[in-house]
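Undergrad: Please find one structure pasted underneath; my questions will follow.
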Amino acid sequence: MSLSKIATLLLSSVSLVAGHGYVASIEVDGTTYGGYLVDTYYFESDPPELIAWSTNATDDGYVSPSDYESVNIICHKGSSPGALSAPVAPGGWVQMTWNTWPTDHHGPVITYLANCHGSCADVDKATLEFFKIDAGGLIDDTDVPGTWATDELIEDGYSRNITIPSDIAPGYYVLRHEIIALHSAENLNGAQNYPQCINLEVTGSETATPSGTLGEALYKETDPGIYVDIWNTLSTYTIPGPSLYTAGSAATATSATTAAATTTSAATTAVATTAAAVTSTAAELEASTQTRVTTSESSAPTPASDDTSQLNQGDADPLDGNSAPATTTTTVVATPAASSESSPSSGVLSGACSQEDYWYCNGGTAFQRCVNGEWDASQSVAAGTVCTAGISETLTISAASTRRDSLRRHLARPKRH
Ligand SMILES: [Cu+2]
């Protein structure tokens, strides 16, 4: 063992209290693969060959926004490609499981693919062009700081399922999976990115070759989904990075007007999804492989009940204010193959519904009802009230928490790392 490694080992044992995480195992179309156990393998002279990329992030640390234009953001600090790759069919699935995740490190969970144009084992990571295939953001902001994709991940045993687009051309790809922790993101350069990469070999004979974005161009430190105060109520949250690629869509979904994308997973049924009812002018489509639904990149005015007049005391919040135009929301309803209802949390629903007379509360501020098999028009809740987000048999309306509440929470929150 080198002196530098010993020094790193000593340092890392000191900083273990940080208690972040890394992807410890990966399941691909039913086969389980080991992750790069950075706190072990980094210190071994002959670590195992893996599909996972190695890193030197032995402190379980993160990449800062100030590092977004460096190679560190691509697959974490000091990363090198995995020697192996896992075969996966178009429409197949990948489950990324973290060893742990701190409950207060709320934020989006995002996954990309990039074609290696040959083996990924010796690819130059700086040439990889990533397209987004899965993203979860703010699920429900009823109770600040809200329920986030990280909270879902923790609930699901520190894991997230990702569907490979069903039309992707065969070849070797890097899958870049990432948590962005936003608990300090009200500060410029306060977000924390935790990227993790693995190699896949997409099989089959499909033909789609979505265009992508270089890792060093994915984010900017002032992106609205990066520099954001989650300790205040958010009327919307913009998942960072380029638009989501969905099978059958153009590579750049931002120009789509109306599209109906249907993706059905092949052979496996465990996490097969059907994407339906895409109605959009712009933006982010996100569909997780479970019974999640999705938000959009649309902006909406701050709810009228949110009194900003007195309590906004210099508390910089880039999403505050009423200047953002309301735009059409994008909704992708991900439904398990076994059918049934999804549980949307944000975005206006349209089209068919299966649970007659059920209510859908959209982000606490608007509601719809399933009438004659279709979602009716969205209506706002009364000023000063909120509904409990999600689909349910009864619509629960309660008094809105005030700005003062969230400000107090903001000021009283514990010290964070
Ligand atoms: Cu931390």
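In the structure tokens, chains take letters A, B, ... by order of appearance, with residues numbered from 1 within each chain and ligands from 1 in the order shown.
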As a list in words, please: the residues near Glu221 of chain A (cut-off 9 Å, only C-alpha atoms, same-chain neighbours under 3 positions excluded).

TA: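 The residues satisfying every condition are Ser64, Pro65, Ser66, Tyr68, Leu188, Asn189, Gly190, Ala191, Pro224, Ile226 and Tyr227 of chain A.
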
Undergrad: Using N, CA and C atoms, can you export the residues from the last selection as a tab-separated table (two decimals), in the first residue's frame?

TA:
```
chain	number	residue	atom	x	y	z
A	64	SER	N	-18.88	19.07	-6.10
A	64	SER	CA	-19.53	20.36	-5.90
A	64	SER	C	-19.84	21.04	-7.23
A	65	PRO	N	-20.83	21.93	-7.23
A	65	PRO	CA	-21.10	22.71	-8.45
A	65	PRO	C	-19.86	23.42	-9.01
A	66	SER	N	-18.94	23.81	-8.14
A	66	SER	CA	-17.72	24.46	-8.64
A	66	SER	C	-16.87	23.50	-9.47
A	68	TYR	N	-18.37	21.37	-11.71
A	68	TYR	CA	-19.22	20.87	-12.80
A	68	TYR	C	-18.52	20.88	-14.16
A	188	LEU	N	-25.17	29.20	-3.10
A	188	LEU	CA	-24.51	28.94	-4.37
A	188	LEU	C	-23.35	27.98	-4.09
A	189	ASN	N	-23.21	26.97	-4.94
A	189	ASN	CA	-22.19	25.94	-4.73
A	189	ASN	C	-22.52	25.03	-3.54
A	190	GLY	N	-23.77	25.02	-3.11
A	190	GLY	CA	-24.14	24.21	-1.95
A	190	GLY	C	-24.72	22.85	-2.28
A	191	ALA	N	-25.08	22.61	-3.53
A	191	ALA	CA	-25.60	21.29	-3.91
A	191	ALA	C	-24.47	20.27	-3.86
A	224	PRO	N	-31.77	26.21	-11.98
A	224	PRO	CA	-32.83	26.34	-10.96
A	224	PRO	C	-33.01	25.09	-10.11
A	226	ILE	N	-30.47	23.29	-9.12
A	226	ILE	CA	-29.20	23.13	-8.40
A	226	ILE	C	-29.07	24.18	-7.29
A	227	TYR	N	-29.41	25.40	-7.64
A	227	TYR	CA	-29.34	26.52	-6.69
A	227	TYR	C	-30.77	26.80	-6.26
```

Undergrad: So which residues touch segment 118-133 of chain A within 10 Å, counting only C-alpha atoms, skipping near sequence neighbours fewer than 3 positions away, as a PyMOL selection string?

TA: chain A and resi 51+53+70-72+74-75+79-85+110-115+162-165+171-177+198-201+209-218+241-247+251-252+284-288

Undergrad: Just checking: using only C-alpha atoms and all ligand atoms, which residue out of A:Pro195, A:Gly21, A:Pro90, A:Pro145 ends up closest to ligand 1?

TA: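 Result for the nearest residue to ligand 1: A:Gly21.
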
Undergrad: Return the single residue from A:Asp151, A:Asp59, A:Glu44, A:Glu178 that is closest to ligand 1, with distances computed using only C-alpha atoms and all ligand atoms.

TA: A:Asp59

Undergrad: A:Gly136, A:Asp29, A:Gln196, A:Val386: which is nearest Asn56 of chain A, counting only C-alpha atoms?

TA: A:Gln196

Undergrad: Compare A:Ala52, A:Trp93, A:Gly35, A:Gln192 by their minimum atom-to-atom distance to Asp67 of chain A, counting only C-alpha atoms, and give me the closest one.

TA: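 The closest residue to Asp67 of chain A is A:Gln192.
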
Undergrad: Write out as a PyMOL selection string which residues come within 6 Å of Val202 of chain A when counting only C-alpha atoms, dropping same-chain ones fewer than 2 positions away.

TA: chain A and resi 87-89+170-171

Undergrad: Using C-alpha atoms, can you export the residues from the last selection as a PDB file, in the first residue's frame?

TA:
```pdb
ATOM      1  CA  PRO A  87     -26.066  -7.286 -20.880  1.00  0.00           C
ATOM      2  CA  VAL A  88     -29.500  -5.710 -20.913  1.00  0.00           C
ATOM      3  CA  ALA A  89     -32.305  -5.856 -23.420  1.00  0.00           C
ATOM      4  CA  PRO A 170     -27.313  -2.196 -29.413  1.00  0.00           C
ATOM      5  CA  GLY A 171     -23.845  -1.468 -28.131  1.00  0.00           C
TER       6      GLY A 171
END
```

Undergrad: Which one of A:Glu27, A:Asp39, A:Asp60, A:Asp141 sits closest to Asn161 of chain A if you count only C-alpha atoms?

TA: A:Glu27

Undergrad: As a list in words, please: all residues of segment 14-245 of chain A that backbone DSSP puts in helix (DSSP H, G or I).

TA: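 Selecting the helix (DSSP H, G or I) positions of segment 14-245 of chain A gives Val14, Ser15, Leu16, Val17, Ala18, Val38, Asp39, Thr40, Tyr41, Pro65, Ser66, Asp67, Asn72, Ile73, Ile74, Cys75, Lys125, Ala126, Thr127, Ala149, Thr150, Asp151, Glu152, Leu153, Ile154, Glu155, Gly215, Glu216 and Ala217 of chain A.
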
Undergrad: Based on the selection just made, write N, CA and C atoms of those residues as a compact mmCIF listing (two decimals), in the first residue's frame.

TA:
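Once written, result-v5.txt looks like this:
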```txt
# COMPACT_ATOMS: atom_id res chain seq x y z
N VAL A 14 -11.50 9.15 9.56
CA VAL A 14 -11.92 10.30 10.35
C VAL A 14 -13.25 10.86 9.84
N SER A 15 -13.40 10.85 8.51
CA SER A 15 -14.58 11.50 7.96
C SER A 15 -15.75 10.54 7.75
N LEU A 16 -15.64 9.34 8.26
CA LEU A 16 -16.71 8.36 8.09
C LEU A 16 -18.04 8.85 8.67
N VAL A 17 -17.95 9.74 9.63
CA VAL A 17 -19.18 10.26 10.22
C VAL A 17 -20.09 10.90 9.17
N ALA A 18 -19.49 11.30 8.05
CA ALA A 18 -20.31 11.92 7.01
C ALA A 18 -21.43 10.97 6.58
N VAL A 38 -16.08 1.40 -2.50
CA VAL A 38 -14.95 2.33 -2.49
C VAL A 38 -14.18 2.28 -1.18
N ASP A 39 -14.88 1.99 -0.09
CA ASP A 39 -14.19 1.95 1.21
C ASP A 39 -13.40 0.67 1.41
N THR A 40 -13.50 -0.26 0.47
CA THR A 40 -12.75 -1.51 0.55
C THR A 40 -11.81 -1.66 -0.65
N TYR A 41 -12.42 -1.64 -1.84
CA TYR A 41 -11.66 -1.96 -3.04
C TYR A 41 -10.55 -0.96 -3.32
N PRO A 65 -20.83 21.93 -7.23
CA PRO A 65 -21.10 22.71 -8.45
C PRO A 65 -19.86 23.42 -9.01
N SER A 66 -18.94 23.81 -8.14
CA SER A 66 -17.72 24.46 -8.64
C SER A 66 -16.87 23.50 -9.47
N ASP A 67 -17.22 22.22 -9.40
CA ASP A 67 -16.49 21.19 -10.15
C ASP A 67 -17.28 20.68 -11.36
N ASN A 72 -14.47 15.36 -12.85
CA ASN A 72 -14.99 14.75 -11.62
C ASN A 72 -16.50 14.53 -11.66
N ILE A 73 -17.20 15.41 -12.38
CA ILE A 73 -18.66 15.31 -12.38
C ILE A 73 -19.13 14.12 -13.21
N ILE A 74 -18.26 13.58 -14.06
CA ILE A 74 -18.73 12.56 -15.00
C ILE A 74 -19.10 11.27 -14.26
N CYS A 75 -18.14 10.67 -13.57
CA CYS A 75 -18.42 9.42 -12.85
C CYS A 75 -17.77 9.46 -11.47
N LYS A 125 -13.72 9.08 -20.66
CA LYS A 125 -15.00 9.55 -20.08
C LYS A 125 -15.35 10.96 -20.55
N ALA A 126 -14.34 11.74 -20.88
CA ALA A 126 -14.60 13.13 -21.30
C ALA A 126 -15.29 13.21 -22.66
N THR A 127 -15.34 12.07 -23.38
CA THR A 127 -16.00 12.06 -24.69
C THR A 127 -17.44 11.56 -24.61
N ALA A 149 -37.20 12.32 -4.42
CA ALA A 149 -36.82 11.01 -4.97
C ALA A 149 -35.87 10.28 -4.03
N THR A 150 -35.05 11.02 -3.30
CA THR A 150 -34.17 10.35 -2.33
C THR A 150 -34.97 9.68 -1.23
N ASP A 151 -36.10 10.28 -0.84
CA ASP A 151 -36.92 9.67 0.19
C ASP A 151 -37.58 8.39 -0.32
N GLU A 152 -37.97 8.41 -1.58
CA GLU A 152 -38.48 7.18 -2.21
C GLU A 152 -37.40 6.11 -2.24
N LEU A 153 -36.20 6.55 -2.59
CA LEU A 153 -35.08 5.62 -2.70
C LEU A 153 -34.82 4.93 -1.35
N ILE A 154 -34.82 5.73 -0.29
CA ILE A 154 -34.61 5.16 1.04
C ILE A 154 -35.72 4.18 1.38
N GLU A 155 -36.95 4.60 1.07
CA GLU A 155 -38.11 3.75 1.35
C GLU A 155 -38.03 2.43 0.58
N GLY A 215 -20.50 15.20 -20.09
CA GLY A 215 -20.64 15.26 -18.63
C GLY A 215 -20.32 16.63 -18.08
N GLU A 216 -19.29 17.24 -18.62
CA GLU A 216 -18.87 18.55 -18.10
C GLU A 216 -19.80 19.69 -18.52
N ALA A 217 -20.83 19.35 -19.32
CA ALA A 217 -21.81 20.37 -19.72
C ALA A 217 -23.21 20.07 -19.18
```

Undergrad: For a test of reading the model, state the distance in Å between atom CA of Ser25 of chain A and atom CA of Leu37 of chain A, rounded to one decimal.

TA: 9.0 Å

Undergrad: From the options A:Thr31, A:Asn232, A:Gln368, A:Gln379, which residue's atoms come nearest to Thr142 of chain A, counting only C-alpha atoms?

TA: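 Checking each of A:Thr31, A:Asn232, A:Gln368, A:Gln379 against Thr142 of chain A, counting only C-alpha atoms, the winner is A:Asn232.
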
Undergrad: Can you pull out every residue from segment 6-169 of chain A that DSSP, working from the backbone, puts in strand (DSSP E or B), and format the result as a count of residues only?

TA: 49

Undergrad: Separation of atom CA of Asn99 of chain A and atom CA of Gly137 of chain A, in Å?

TA: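 Going from atom CA of Asn99 of chain A over to atom CA of Gly137 of chain A, I get 20.6 Å.
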
Undergrad: Please measure the separation of atom CA of Gly225 of chain A and atom CA of Asp143 of chain A, giving the value in Å to one decimal.

TA: 18.7 Å
